[in-house]
$ cat coords.tsv   # TSV, C-alpha atoms and all ligand atoms
chain	number	residue	atom	x	y	z
U	28	MET	CA	57.42	-49.37	-48.06
U	29	ILE	CA	56.52	-53.01	-47.45
U	30	ASP	CA	57.36	-54.45	-44.04
U	31	THR	CA	58.84	-57.84	-43.16
U	32	PHE	CA	55.40	-59.45	-43.18
U	33	GLY	CA	54.31	-58.14	-46.59
U	34	ARG	CA	52.19	-55.25	-45.28
U	35	ARG	CA	52.38	-52.00	-47.24
U	36	VAL	CA	52.70	-49.05	-44.86
U	37	THR	CA	50.64	-46.18	-46.24
U	38	TYR	CA	49.32	-44.47	-43.13
U	39	LEU	CA	51.11	-42.13	-40.69
U	40	ARG	CA	49.49	-41.19	-37.40
U	41	LEU	CA	51.14	-37.98	-36.35
U	42	SER	CA	50.72	-36.87	-32.76
U	43	VAL	CA	51.26	-33.13	-32.49
U	44	THR	CA	50.98	-32.74	-28.71
U	45	GLU	CA	50.63	-34.76	-25.50
U	46	LEU	CA	48.55	-32.02	-23.91
U	47	CYS	CA	44.78	-32.02	-23.73
U	48	ASN	CA	41.88	-29.91	-22.54
U	49	LEU	CA	40.16	-33.07	-21.19
U	50	ARG	CA	41.34	-35.87	-18.88
U	51	CYS	CA	39.56	-38.98	-20.12
U	52	ARG	CA	39.87	-41.75	-17.55
U	53	TYR	CA	41.00	-44.40	-20.05
U	54	CYS	CA	43.61	-42.16	-21.64
U	55	MET	CA	45.49	-39.99	-19.18
U	56	PRO	CA	46.07	-39.47	-15.46
U	57	GLU	CA	43.87	-37.13	-13.45
U	58	ASP	CA	46.54	-34.53	-12.85
U	59	GLY	CA	47.32	-34.32	-16.56
U	60	ILE	CA	50.90	-34.94	-17.49
U	61	CYS	CA	54.19	-33.50	-16.53
U	62	LYS	CA	54.70	-30.93	-19.29
U	63	LYS	CA	57.88	-31.78	-21.16
U	64	ASP	CA	60.51	-29.25	-22.05
U	65	HIS	CA	59.63	-27.52	-25.33
U	66	ALA	CA	63.04	-28.55	-26.68
U	67	GLU	CA	62.11	-32.25	-26.36
U	68	MET	CA	59.11	-31.93	-28.66
U	69	LEU	CA	59.10	-31.98	-32.46
U	70	THR	CA	58.99	-28.57	-34.11
U	71	GLU	CA	56.50	-27.86	-36.89
U	72	ASP	CA	59.33	-28.09	-39.42
U	73	GLU	CA	60.38	-31.49	-38.05
U	74	MET	CA	56.79	-32.74	-38.27
U	75	ILE	CA	56.56	-31.67	-41.90
U	76	ALA	CA	59.97	-33.20	-42.65
U	77	ALA	CA	58.63	-36.43	-41.15
U	78	VAL	CA	55.51	-36.28	-43.34
U	79	GLU	CA	57.71	-35.69	-46.40
U	80	THR	CA	59.93	-38.61	-45.45
U	81	ALA	CA	56.94	-40.86	-44.88
U	82	ALA	CA	55.48	-39.80	-48.26
U	83	SER	CA	58.78	-40.66	-49.96
U	84	LEU	CA	58.34	-44.19	-48.58
U	85	GLY	CA	54.79	-44.54	-49.89
U	86	VAL	CA	52.64	-43.05	-47.15
U	87	THR	CA	49.55	-41.41	-48.68
U	88	LYS	CA	47.40	-40.82	-45.64
U	89	VAL	CA	48.13	-38.79	-42.49
U	90	ARG	CA	45.99	-38.58	-39.39
U	91	ILE	CA	46.77	-35.78	-36.97
U	92	THR	CA	46.15	-36.74	-33.38
U	93	GLY	CA	47.43	-36.22	-29.83
U	94	GLY	CA	46.73	-35.44	-26.92
U	95	GLU	CA	44.25	-32.98	-28.25
U	96	PRO	CA	45.55	-31.69	-31.59
U	97	LEU	CA	43.34	-28.60	-31.51
U	98	VAL	CA	45.07	-27.20	-28.41
U	99	LYS	CA	48.24	-26.86	-30.50
U	100	LYS	CA	48.55	-23.19	-31.47
U	101	ASN	CA	49.93	-23.86	-34.96
U	102	ILE	CA	47.54	-26.73	-35.77
U	103	VAL	CA	46.08	-25.08	-38.89
U	104	SER	CA	49.53	-24.44	-40.30
U	105	ILE	CA	50.65	-28.03	-39.58
U	106	CYS	CA	47.57	-29.36	-41.36
U	107	ARG	CA	47.98	-27.02	-44.31
U	108	ARG	CA	51.62	-27.97	-44.79
U	109	ALA	CA	50.97	-31.70	-44.32
U	110	ALA	CA	48.15	-31.60	-46.88
U	111	ALA	CA	50.47	-29.89	-49.39
U	112	VAL	CA	53.19	-32.57	-49.21
U	113	PRO	CA	53.45	-34.30	-52.61
U	114	GLY	CA	52.05	-37.82	-52.36
U	115	ILE	CA	49.78	-37.09	-49.39
U	116	GLU	CA	46.22	-37.61	-50.60
U	117	ASP	CA	44.32	-37.63	-47.36
U	118	VAL	CA	44.69	-35.65	-44.12
U	119	GLY	CA	42.40	-36.49	-41.23
U	120	ILE	CA	42.23	-35.27	-37.66
U	121	THR	CA	41.04	-37.00	-34.50
U	122	THR	CA	39.73	-34.59	-31.88
U	123	ASN	CA	37.48	-34.34	-28.85
U	124	GLY	CA	35.69	-31.60	-30.81
U	125	ILE	CA	35.74	-28.98	-28.06
U	126	ALA	CA	37.63	-26.42	-30.15
U	127	LEU	CA	35.89	-27.16	-33.45
U	128	PRO	CA	33.45	-24.23	-33.32
U	129	ALA	CA	36.46	-21.95	-33.82
U	130	LEU	CA	38.59	-24.28	-35.94
U	131	ALA	CA	36.39	-26.43	-38.18
U	132	LYS	CA	36.32	-23.94	-41.09
U	133	PRO	CA	40.04	-23.06	-40.98
U	134	LEU	CA	40.91	-26.78	-40.86
U	135	LYS	CA	38.70	-27.49	-43.86
U	136	GLU	CA	40.31	-24.62	-45.77
U	137	ALA	CA	43.73	-25.95	-44.78
U	138	GLY	CA	43.00	-29.21	-46.60
U	139	VAL	CA	41.81	-31.51	-43.81
U	140	ASN	CA	39.27	-33.81	-45.43
U	141	ARG	CA	38.28	-36.10	-42.56
U	142	ILE	CA	37.31	-35.46	-38.96
U	143	ASN	CA	36.82	-38.06	-36.24
U	144	ILE	CA	35.25	-36.75	-33.04
U	145	SER	CA	35.39	-38.69	-29.78
U	146	LEU	CA	32.12	-38.87	-27.85
U	147	ASP	CA	31.39	-41.73	-25.45
U	148	THR	CA	28.04	-40.64	-24.06
U	149	LEU	CA	25.08	-38.33	-24.69
U	150	ASN	CA	24.48	-37.80	-20.99
U	151	PRO	CA	26.00	-34.54	-19.64
U	152	GLU	CA	26.76	-35.97	-16.19
U	153	LYS	CA	28.41	-39.09	-17.63
U	154	TYR	CA	30.38	-36.99	-20.12
U	155	HIS	CA	31.75	-34.94	-17.24
U	156	ARG	CA	32.55	-38.13	-15.31
U	157	ILE	CA	34.43	-39.92	-18.10
U	158	THR	CA	36.36	-36.83	-19.24
U	159	ARG	CA	36.80	-35.65	-15.62
U	160	ILE	CA	36.40	-31.99	-16.68
U	161	GLY	CA	34.45	-31.82	-19.96
U	162	HIS	CA	31.04	-30.42	-20.85
U	163	LEU	CA	28.88	-32.36	-23.28
U	164	ASP	CA	27.36	-29.26	-24.89
U	165	GLN	CA	30.83	-28.20	-26.05
U	166	ALA	CA	31.49	-31.56	-27.73
U	167	LEU	CA	28.07	-31.51	-29.41
U	168	ALA	CA	28.72	-27.96	-30.63
U	169	GLY	CA	31.95	-29.29	-32.13
U	170	ILE	CA	30.09	-31.97	-34.10
U	171	HIS	CA	27.66	-29.38	-35.45
U	172	ALA	CA	30.55	-27.07	-36.36
U	173	ALA	CA	32.21	-29.87	-38.35
U	174	LEU	CA	28.98	-30.57	-40.25
U	175	ASP	CA	28.34	-26.85	-40.83
U	176	ALA	CA	31.87	-26.44	-42.19
U	177	GLY	CA	31.02	-29.01	-44.85
U	178	PHE	CA	33.04	-32.01	-43.67
U	179	GLU	CA	31.67	-35.09	-45.39
U	180	HIS	CA	33.36	-37.87	-43.48
U	181	VAL	CA	32.49	-36.99	-39.90
U	182	LYS	CA	32.94	-40.03	-37.68
U	183	ILE	CA	31.97	-40.17	-34.04
U	184	ASN	CA	34.17	-42.51	-32.02
U	185	ALA	CA	32.72	-43.96	-28.82
U	186	ILE	CA	34.71	-46.24	-26.55
U	187	LEU	CA	32.45	-49.04	-25.42
U	188	ILE	CA	32.73	-49.34	-21.65
U	189	GLY	CA	30.73	-51.95	-19.74
U	190	GLY	CA	28.69	-50.41	-16.92
U	191	PHE	CA	29.20	-46.94	-18.36
U	192	ASN	CA	27.73	-46.55	-21.85
U	193	ASP	CA	26.54	-50.00	-22.91
U	194	ASP	CA	23.05	-48.70	-22.04
U	195	GLU	CA	23.46	-45.97	-24.68
U	196	ILE	CA	24.21	-48.11	-27.72
U	197	ILE	CA	20.86	-47.33	-29.34
U	198	ALA	CA	20.96	-43.63	-28.42
U	199	LEU	CA	24.46	-43.28	-29.89
U	200	THR	CA	23.68	-45.22	-33.07
U	201	ASP	CA	20.54	-43.09	-33.54
U	202	LEU	CA	22.94	-40.24	-34.36
U	203	THR	CA	23.45	-41.97	-37.73
U	204	LYS	CA	19.75	-41.44	-38.41
U	205	LYS	CA	19.72	-37.80	-37.37
U	206	TYR	CA	22.95	-36.67	-39.00
U	207	PRO	CA	25.22	-37.66	-41.91
U	208	VAL	CA	27.77	-39.21	-39.56
U	209	ASP	CA	29.22	-42.64	-38.86
U	210	VAL	CA	29.21	-43.79	-35.25
U	211	ARG	CA	32.01	-46.21	-34.43
U	212	PHE	CA	32.38	-48.22	-31.26
U	213	ILE	CA	35.95	-48.89	-30.21
U	214	GLU	CA	36.79	-51.58	-27.68
U	215	LEU	CA	38.43	-50.24	-24.54
U	216	MET	CA	42.12	-51.10	-24.62
U	217	PRO	CA	43.89	-51.84	-21.31
U	218	MET	CA	46.61	-49.26	-21.63
U	219	TYR	CA	49.73	-48.90	-19.57
U	220	ASP	CA	48.15	-46.80	-16.79
U	221	GLY	CA	44.63	-47.76	-17.78
U	222	GLY	CA	42.59	-45.88	-15.22
U	223	ASP	CA	40.26	-47.51	-12.78
U	224	PHE	CA	38.36	-49.94	-14.98
U	225	GLY	CA	37.51	-53.40	-13.70
U	226	PRO	CA	37.01	-56.53	-15.85
U	227	GLU	CA	33.34	-55.64	-16.45
U	228	ALA	CA	34.38	-52.53	-18.41
U	229	TYR	CA	36.05	-54.56	-21.18
U	230	LEU	CA	33.22	-55.62	-23.48
U	231	PRO	CA	33.58	-57.22	-26.92
U	232	ASN	CA	32.01	-55.14	-29.68
U	233	THR	CA	29.62	-58.01	-30.51
U	234	VAL	CA	27.51	-56.55	-27.67
U	235	VAL	CA	26.70	-53.63	-29.98
U	236	LEU	CA	25.16	-55.95	-32.57
U	237	ASP	CA	23.04	-57.64	-29.89
U	238	HIS	CA	21.26	-54.28	-29.56
U	239	LEU	CA	20.89	-53.69	-33.31
U	240	PRO	CA	18.95	-56.61	-34.83
U	241	ASP	CA	18.12	-54.52	-37.94
U	242	ALA	CA	21.73	-53.59	-38.72
U	243	VAL	CA	22.72	-54.58	-42.26
U	244	PRO	CA	26.40	-55.37	-43.01
U	245	GLN	CA	28.08	-52.93	-45.42
U	246	ASP	CA	31.19	-53.10	-47.60
U	247	ALA	CA	34.40	-52.02	-45.87
U	248	ASP	CA	35.54	-48.41	-46.38
U	249	GLY	CA	39.28	-49.07	-46.21
U	250	SER	CA	39.41	-48.59	-42.44
U	251	VAL	CA	39.68	-51.33	-39.83
U	252	ALA	CA	36.02	-50.88	-38.85
U	253	LYS	CA	33.39	-53.52	-39.65
U	254	LEU	CA	30.44	-51.54	-41.00
U	255	TYR	CA	26.67	-51.85	-40.62
U	256	ARG	CA	23.75	-49.60	-41.46
U	257	LEU	CA	20.46	-49.10	-39.68
U	258	PRO	CA	17.26	-48.69	-41.72
U	259	GLY	CA	16.81	-45.05	-42.74
U	260	ALA	CA	20.26	-44.03	-41.50
U	261	GLN	CA	22.46	-41.45	-43.25
U	262	GLY	CA	25.70	-42.97	-41.98
U	263	ASN	CA	27.15	-46.30	-40.88
U	264	VAL	CA	27.70	-47.92	-37.52
U	265	GLY	CA	31.30	-49.15	-37.27
U	266	LEU	CA	32.88	-51.67	-34.94
U	267	ILE	CA	36.60	-51.36	-34.24
U	268	SER	CA	37.68	-54.36	-32.22
U	269	PRO	CA	41.38	-54.20	-31.33
U	270	VAL	CA	40.92	-56.50	-28.32
U	271	SER	CA	38.47	-59.21	-29.40
U	272	ASN	CA	39.53	-59.29	-33.05
U	273	LYS	CA	42.90	-57.67	-33.50
U	274	PHE	CA	43.72	-56.43	-36.99
U	275	CYS	CA	47.51	-56.77	-36.98
U	276	SER	CA	47.56	-58.67	-40.28
U	277	GLN	CA	46.03	-55.59	-41.98
U	278	CYS	CA	48.16	-53.05	-40.11
U	279	ASN	CA	49.34	-50.37	-42.54
U	280	ARG	CA	50.33	-47.79	-39.88
U	281	ILE	CA	53.35	-46.15	-38.44
U	282	ARG	CA	53.00	-43.74	-35.52
U	283	LEU	CA	55.03	-40.69	-34.64
U	284	THR	CA	54.78	-39.29	-31.12
U	285	ALA	CA	54.91	-35.58	-30.34
U	286	ASP	CA	58.35	-36.06	-28.80
U	287	GLY	CA	59.67	-37.54	-32.00
U	288	LYS	CA	59.52	-41.30	-31.47
U	289	LEU	CA	58.42	-43.59	-34.29
U	290	LYS	CA	56.38	-46.47	-32.90
U	291	PRO	CA	56.23	-49.51	-35.19
U	292	CYS	CA	53.38	-50.92	-33.07
U	293	LEU	CA	50.91	-49.20	-30.72
U	294	HIS	CA	51.30	-51.97	-28.15
U	295	SER	CA	55.09	-52.29	-28.10
U	296	ALA	CA	57.60	-50.15	-26.23
U	297	GLU	CA	60.03	-50.23	-29.16
U	298	GLU	CA	60.65	-46.68	-30.43
U	299	PHE	CA	62.94	-45.01	-32.98
U	300	ASN	CA	63.91	-41.40	-32.38
U	301	ILE	CA	63.78	-38.82	-35.17
U	302	LYS	CA	64.05	-35.64	-33.07
U	303	GLY	CA	67.07	-33.56	-34.11
U	304	LEU	CA	68.02	-35.76	-37.08
U	305	ASP	CA	68.85	-34.59	-40.60
U	306	ARG	CA	66.83	-35.89	-43.58
U	307	GLU	CA	69.15	-38.82	-44.34
U	308	GLN	CA	69.12	-39.99	-40.75
U	309	MET	CA	65.37	-39.49	-40.52
U	310	LEU	CA	64.81	-41.61	-43.62
U	311	ARG	CA	66.93	-44.40	-42.14
U	312	GLN	CA	64.97	-44.30	-38.88
U	313	PHE	CA	61.69	-44.55	-40.78
U	314	GLN	CA	63.04	-47.54	-42.69
U	315	ARG	CA	64.22	-49.18	-39.46
U	316	ALA	CA	60.89	-48.53	-37.72
U	317	ILE	CA	58.82	-49.94	-40.59
U	318	GLY	CA	61.21	-52.90	-40.78
U	319	ALA	CA	60.67	-53.47	-37.05
U	320	LYS	CA	56.90	-53.77	-37.24
U	321	PRO	CA	56.08	-57.00	-35.40
U	322	GLU	CA	53.82	-59.57	-37.00
U	323	GLU	CA	51.30	-58.98	-34.22
U	324	HIS	CA	51.06	-57.59	-30.72
U	325	ASP	CA	50.61	-59.68	-27.58
U	326	GLU	CA	47.19	-60.54	-26.29
U	327	LEU	CA	45.37	-57.62	-24.64
U	328	SER	CA	43.15	-58.14	-21.63
U	329	VAL	CA	42.60	-56.71	-18.22
U	330	ASP	CA	45.38	-59.05	-17.00
U	331	HIS	CA	47.62	-58.48	-20.02
U	332	ARG	CA	47.92	-54.72	-20.35
U	333	SER	CA	49.37	-53.00	-23.37
U	334	GLN	CA	53.16	-53.05	-23.51
U	335	ALA	CA	53.16	-49.57	-25.09
U	336	GLY	CA	54.98	-48.06	-22.12
U	337	ARG	CA	52.99	-44.83	-22.52
U	338	ASN	CA	49.44	-43.68	-22.04
U	339	MET	CA	47.33	-42.97	-25.11
U	340	ASN	CA	47.69	-39.19	-24.93
U	341	GLN	CA	51.47	-39.67	-25.20
U	342	ILE	CA	51.19	-41.97	-28.21
U	343	GLY	CA	48.40	-40.62	-30.36
U	344	GLY	CA	45.48	-43.02	-30.38
W	1	LIG	N1	42.07	-35.99	-28.16
W	1	LIG	C1	41.65	-36.60	-29.36
W	1	LIG	C2	40.42	-37.44	-29.14
W	1	LIG	O1	40.08	-37.73	-27.99
W	1	LIG	O2	39.82	-37.81	-30.13
W	1	LIG	C3	42.74	-37.40	-30.06
W	1	LIG	C4	43.63	-38.25	-29.22
W	1	LIG	S1	42.84	-39.63	-28.43
W	1	LIG	C5	44.21	-40.38	-27.61
W	1	LIG	C6	42.53	-40.63	-29.86
W	1	LIG	C7	41.55	-41.75	-29.69
W	1	LIG	O3	42.09	-42.71	-28.79
W	1	LIG	C8	40.20	-41.31	-29.13
W	1	LIG	O4	39.16	-41.76	-29.99
W	1	LIG	C9	40.14	-42.01	-27.82
W	1	LIG	O5	38.82	-42.33	-27.48
W	1	LIG	C10	41.02	-43.23	-28.05
W	1	LIG	N2	41.52	-43.86	-26.84
W	1	LIG	C11	42.18	-43.28	-25.81
W	1	LIG	N3	42.44	-44.18	-24.83
W	1	LIG	C12	41.93	-45.37	-25.26
W	1	LIG	C13	41.86	-46.69	-24.71
W	1	LIG	N4	42.38	-46.97	-23.52
W	1	LIG	N5	41.26	-47.66	-25.44
W	1	LIG	C14	40.71	-47.39	-26.66
W	1	LIG	N6	40.76	-46.17	-27.25
W	1	LIG	C15	41.35	-45.16	-26.55
W	2	LIG	FE1	42.30	-35.93	-24.33
W	2	LIG	FE2	41.57	-37.44	-26.37
W	2	LIG	FE3	42.84	-38.52	-24.32
W	2	LIG	FE4	40.37	-37.68	-23.96
W	2	LIG	S1	41.02	-39.33	-25.34
W	2	LIG	S2	42.13	-37.26	-22.60
W	2	LIG	S3	40.28	-35.95	-25.29
W	2	LIG	S4	43.67	-37.07	-25.71
$ encode --input "coords.tsv" --output "structure tokens"
Amino acid sequence: MIDTFGRRVTYLRLSVTELCNLRCRYCMPEDGICKKDHAEMLTEDEMIAAVETAASLGVTKVRITGGEPLVKKNIVSICRRAAAVPGIEDVGITTNGIALPALAKPLKEAGVNRINISLDTLNPEKYHRITRIGHLDQALAGIHAALDAGFEHVKINAILIGGFNDDEIIALTDLTKKYPVDVRFIELMPMYDGGDFGPEAYLPNTVVLDHLPDAVPQDADGSVAKLYRLPGAQGNVGLISPVSNKFCSQCNRIRLTADGKLKPCLHSAEEFNIKGLDREQMLRQFQRAIGAKPEEHDELSVDHRSQAGRNMNQIGG
């Protein structure tokens, strides 16, 4: 379906849970979240009905996210069924990687063809600090498990945080030399309850290039990342810059939260419920939500926080 501003919506980001086995400071509160009543959340059948509805409107690509999608007990079944929906050509998953040693192979067999793994630092103490409870060795084991399972499009997503990991830009990009992975830096977004980050934490991604004088620009891969390659590298370095260089004019996404709300825009509080609806009603809500996509979101900065009305774990980043 084409929205009011001529953008073709082809990409559904499906959040399957708000829960997580980590507590990243930029994403969710320290005490986790108040667990919602099971009855408020989408069932597996409703998620698949939503994927089918999206596909009927021209969506070809689904990314499963959360919260942490791999803590969802039926995640392999959700992925298998989503991948089998006619019209869906591409199923990806975004994960912190912790559960990949057990799940990478089953996910691959279920038809998942892309994995993005979040990793902001290679320092065990800093990893524990940013995730509040995580252990770096588990995340690294997850990356290895994804590669061993034969995933070809492994992308490592690092949030660039001034005063935290801007001293690790070279160490993180060196992963593209050691492994067949892309490393992508994402600008920190000032979310609703955005943790305890001061102005110095919000760095433009251009800082990454200041550290990589040998980086050679590459053709785009269909994502919103600007790509570069280091000499001798097996994968690309990507820059995703939602704050300094927002990509609203290219936005081809619609998001569905785990509690059944379609979000036309990540940074708007406008939502369209699909929980408990029949197919006809669901289709109409999808059409309304796509029709409601704004031309662009408001400015984001430390003084102009996201208007999403939810934290990232409750949206599906
Ligand atoms: N748990 C999975 C993970 O961490 O990859 C999937 C969900 S997480 C919400 C999805 C992505 O959103 C992660 O790459 C995470 O780093 C990113 N994210 C969360 N909060 C963010 C923020 N405030 N600004 C930018 N990216 C954020
Ligand atoms: Fe969990 Fe991902 Fe949010 Fe970290 S970024 S708290 S891993 S949902």
$ closest_residue --input "coords.tsv" --among "U:Met55, U:Met28, U:Val270, U:Ile301" --to "ligand LIG 2 (chain W)" --atoms "only C-alpha atoms and all ligand atoms"
U:Met55
$ atom_distance --input "coords.tsv" --atom1 "atom N2 of ligand LIG 1 (chain W)" --atom2 "CA of Arg256 (chain U)"
23.7 Å
$ residues_near_ligand --input "coords.tsv" --ligand "ligand LIG 2 (chain W)" --cutoff "6 Å" --atoms "all atoms listed in the file" --output "MDAnalysis selection string"
chainID U and resid 47 49:51 54:55 93:95 123 340
$ closest_residue --input "coords.tsv" --among "U:Asp209, U:Asp147, U:Asp64, U:Asp193" --to "ligand LIG 1 (chain W)" --atoms "all atoms listed in the file"
U:Asp147
$ closest_atom_pairs --input "coords.tsv" --of "region 100-146 of chain U" --to "region 171-185 of chain U" --cutoff "7 Å" --atoms "only C-alpha atoms" --output "Markdown table"
| residue | atom | partner | partner_atom | distance |
| --- | --- | --- | --- | --- |
| U:Leu127 | CA | U:Ala172 | CA | 6.1 |
| U:Pro128 | CA | U:Ala172 | CA | 5.1 |
| U:Ala131 | CA | U:Ala173 | CA | 5.4 |
| U:Lys132 | CA | U:Ala176 | CA | 5.2 |
| U:Asn140 | CA | U:Phe178 | CA | 6.7 |
| U:Arg141 | CA | U:His180 | CA | 5.3 |
| U:Ile142 | CA | U:Val181 | CA | 5.1 |
| U:Asn143 | CA | U:Lys182 | CA | 4.6 |
| U:Ile144 | CA | U:Ile183 | CA | 4.8 |
| U:Ser145 | CA | U:Asn184 | CA | 4.6 |
| U:Leu146 | CA | U:Ala185 | CA | 5.2 |
$ atom_distance --input "coords.tsv" --atom1 "CA of Ala296 (chain U)" --atom2 "CA of Ile157 (chain U)"
26.6 Å
$ axis_aligned_box --input "coords.tsv" --around "ligand LIG 1 (chain W)" --padding-each-side "5 Å" --output "JSON"
{"center_x": 41.5, "center_y": -41.8, "center_z": -26.8, "size_x": 15.4, "size_y": 21.7, "size_z": 16.6}
$ residues_around --input "coords.tsv" --residues "Asp286 (chain U)" --least-positions-apart "4" --cutoff "12 Å" --atoms "only C-alpha atoms" --output "compact mmCIF listing (two decimals) with C-alpha atoms, in the frame of the given file"
# COMPACT_ATOMS: atom_id res chain seq x y z
CA LEU U 41 51.14 -37.98 -36.35
CA SER U 42 50.72 -36.87 -32.76
CA VAL U 43 51.26 -33.13 -32.49
CA THR U 44 50.98 -32.74 -28.71
CA GLU U 45 50.63 -34.76 -25.50
CA LEU U 46 48.55 -32.02 -23.91
CA LYS U 62 54.70 -30.93 -19.29
CA LYS U 63 57.88 -31.78 -21.16
CA ASP U 64 60.51 -29.25 -22.05
CA HIS U 65 59.63 -27.52 -25.33
CA ALA U 66 63.04 -28.55 -26.68
CA GLU U 67 62.11 -32.25 -26.36
CA MET U 68 59.11 -31.93 -28.66
CA LEU U 69 59.10 -31.98 -32.46
CA THR U 70 58.99 -28.57 -34.11
CA GLU U 71 56.50 -27.86 -36.89
CA GLU U 73 60.38 -31.49 -38.05
CA MET U 74 56.79 -32.74 -38.27
CA GLY U 93 47.43 -36.22 -29.83
CA GLY U 94 46.73 -35.44 -26.92
CA ARG U 282 53.00 -43.74 -35.52
CA LYS U 290 56.38 -46.47 -32.90
CA GLU U 298 60.65 -46.68 -30.43
CA PHE U 299 62.94 -45.01 -32.98
CA ASN U 300 63.91 -41.40 -32.38
CA ILE U 301 63.78 -38.82 -35.17
CA LYS U 302 64.05 -35.64 -33.07
CA GLY U 303 67.07 -33.56 -34.11
CA ASN U 340 47.69 -39.19 -24.93
CA GLN U 341 51.47 -39.67 -25.20
CA ILE U 342 51.19 -41.97 -28.21
CA GLY U 343 48.40 -40.62 -30.36
$ residues_around --input "coords.tsv" --residues "region 253-255 of chain U" --least-positions-apart "6" --cutoff "6 Å" --atoms "all atoms listed in the file" --output "list in words"
Ala242, Val243, Pro244, Gln245, Asn263, Val264, Gly265 and Leu266 of chain U
$ closest_residue --input "coords.tsv" --among "U:Gly85, U:Gly169, U:Gly344, U:Gly189" --to "Gly114 (chain U)" --atoms "only C-alpha atoms"
U:Gly85
$ closest_residue --input "coords.tsv" --among "U:Thr200, U:Ser328, U:Gln314, U:Thr31" --to "ligand LIG 1 (chain W)" --atoms "only C-alpha atoms and all ligand atoms"
U:Ser328
$ residues_around --input "coords.tsv" --residues "Phe313 (chain U)" --least-positions-apart "4" --cutoff "9 Å" --atoms "all atoms listed in the file" --output "JSON, numbers by chain"
{"U": [77, 80, 81, 84, 281, 289, 299, 301, 308, 309, 317, 318]}
$ closest_residue --input "coords.tsv" --among "U:Asp246, U:Glu57, U:Asp325, U:Glu214" --to "ligand LIG 1 (chain W)" --atoms "all atoms listed in the file"
U:Glu214
$ residues_around --input "coords.tsv" --residues "Ser250 (chain U)" --least-positions-apart "5" --cutoff "12 Å" --atoms "only C-alpha atoms" --output "count of residues only"
13
$ decode --input "coords.tsv" --residues "region 64-68 of chain U" --atoms "all heavy atoms" --output "PDB file, in the first residue's frame"
ATOM      1  N   ASP U  64      -1.239  -8.375  31.537  1.00  0.00           N
ATOM      2  CA  ASP U  64      -2.084  -9.562  31.538  1.00  0.00           C
ATOM      3  C   ASP U  64      -1.925 -10.262  30.182  1.00  0.00           C
ATOM      4  O   ASP U  64      -1.916  -9.603  29.134  1.00  0.00           O
ATOM      5  CB  ASP U  64      -3.528  -9.094  31.752  1.00  0.00           C
ATOM      6  CG  ASP U  64      -4.441 -10.262  32.033  1.00  0.00           C
ATOM      7  OD1 ASP U  64      -4.054 -11.399  31.711  1.00  0.00           O
ATOM      8  OD2 ASP U  64      -5.520 -10.027  32.567  1.00  0.00           O
ATOM      9  N   HIS U  65      -1.773 -11.585  30.236  1.00  0.00           N
ATOM     10  CA  HIS U  65      -1.628 -12.387  29.025  1.00  0.00           C
ATOM     11  C   HIS U  65      -2.713 -12.040  28.000  1.00  0.00           C
ATOM     12  O   HIS U  65      -2.460 -11.964  26.797  1.00  0.00           O
ATOM     13  CB  HIS U  65      -1.734 -13.861  29.431  1.00  0.00           C
ATOM     14  CG  HIS U  65      -1.239 -14.803  28.390  1.00  0.00           C
ATOM     15  ND1 HIS U  65       0.076 -14.799  27.946  1.00  0.00           N
ATOM     16  CD2 HIS U  65      -1.874 -15.770  27.694  1.00  0.00           C
ATOM     17  CE1 HIS U  65       0.207 -15.725  27.020  1.00  0.00           C
ATOM     18  NE2 HIS U  65      -0.946 -16.326  26.855  1.00  0.00           N
ATOM     19  N   ALA U  66      -3.919 -11.801  28.498  1.00  0.00           N
ATOM     20  CA  ALA U  66      -5.068 -11.561  27.611  1.00  0.00           C
ATOM     21  C   ALA U  66      -4.934 -10.259  26.829  1.00  0.00           C
ATOM     22  O   ALA U  66      -5.606 -10.061  25.812  1.00  0.00           O
ATOM     23  CB  ALA U  66      -6.356 -11.539  28.439  1.00  0.00           C
ATOM     24  N   GLU U  67      -4.054  -9.358  27.273  1.00  0.00           N
ATOM     25  CA  GLU U  67      -3.861  -8.081  26.563  1.00  0.00           C
ATOM     26  C   GLU U  67      -2.921  -8.237  25.376  1.00  0.00           C
ATOM     27  O   GLU U  67      -2.839  -7.347  24.527  1.00  0.00           O
ATOM     28  CB  GLU U  67      -3.236  -7.041  27.496  1.00  0.00           C
ATOM     29  CG  GLU U  67      -4.129  -6.495  28.571  1.00  0.00           C
ATOM     30  CD  GLU U  67      -3.335  -5.521  29.433  1.00  0.00           C
ATOM     31  OE1 GLU U  67      -2.755  -4.564  28.897  1.00  0.00           O
ATOM     32  OE2 GLU U  67      -3.283  -5.755  30.653  1.00  0.00           O
ATOM     33  N   MET U  68      -2.148  -9.341  25.359  1.00  0.00           N
ATOM     34  CA  MET U  68      -1.110  -9.460  24.336  1.00  0.00           C
ATOM     35  C   MET U  68      -1.635 -10.238  23.127  1.00  0.00           C
ATOM     36  O   MET U  68      -2.538 -11.074  23.245  1.00  0.00           O
ATOM     37  CB  MET U  68       0.114 -10.190  24.917  1.00  0.00           C
ATOM     38  CG  MET U  68       0.610  -9.639  26.252  1.00  0.00           C
ATOM     39  SD  MET U  68       0.820  -7.842  26.291  1.00  0.00           S
ATOM     40  CE  MET U  68       2.411  -7.667  25.501  1.00  0.00           C
TER      41      MET U  68
END
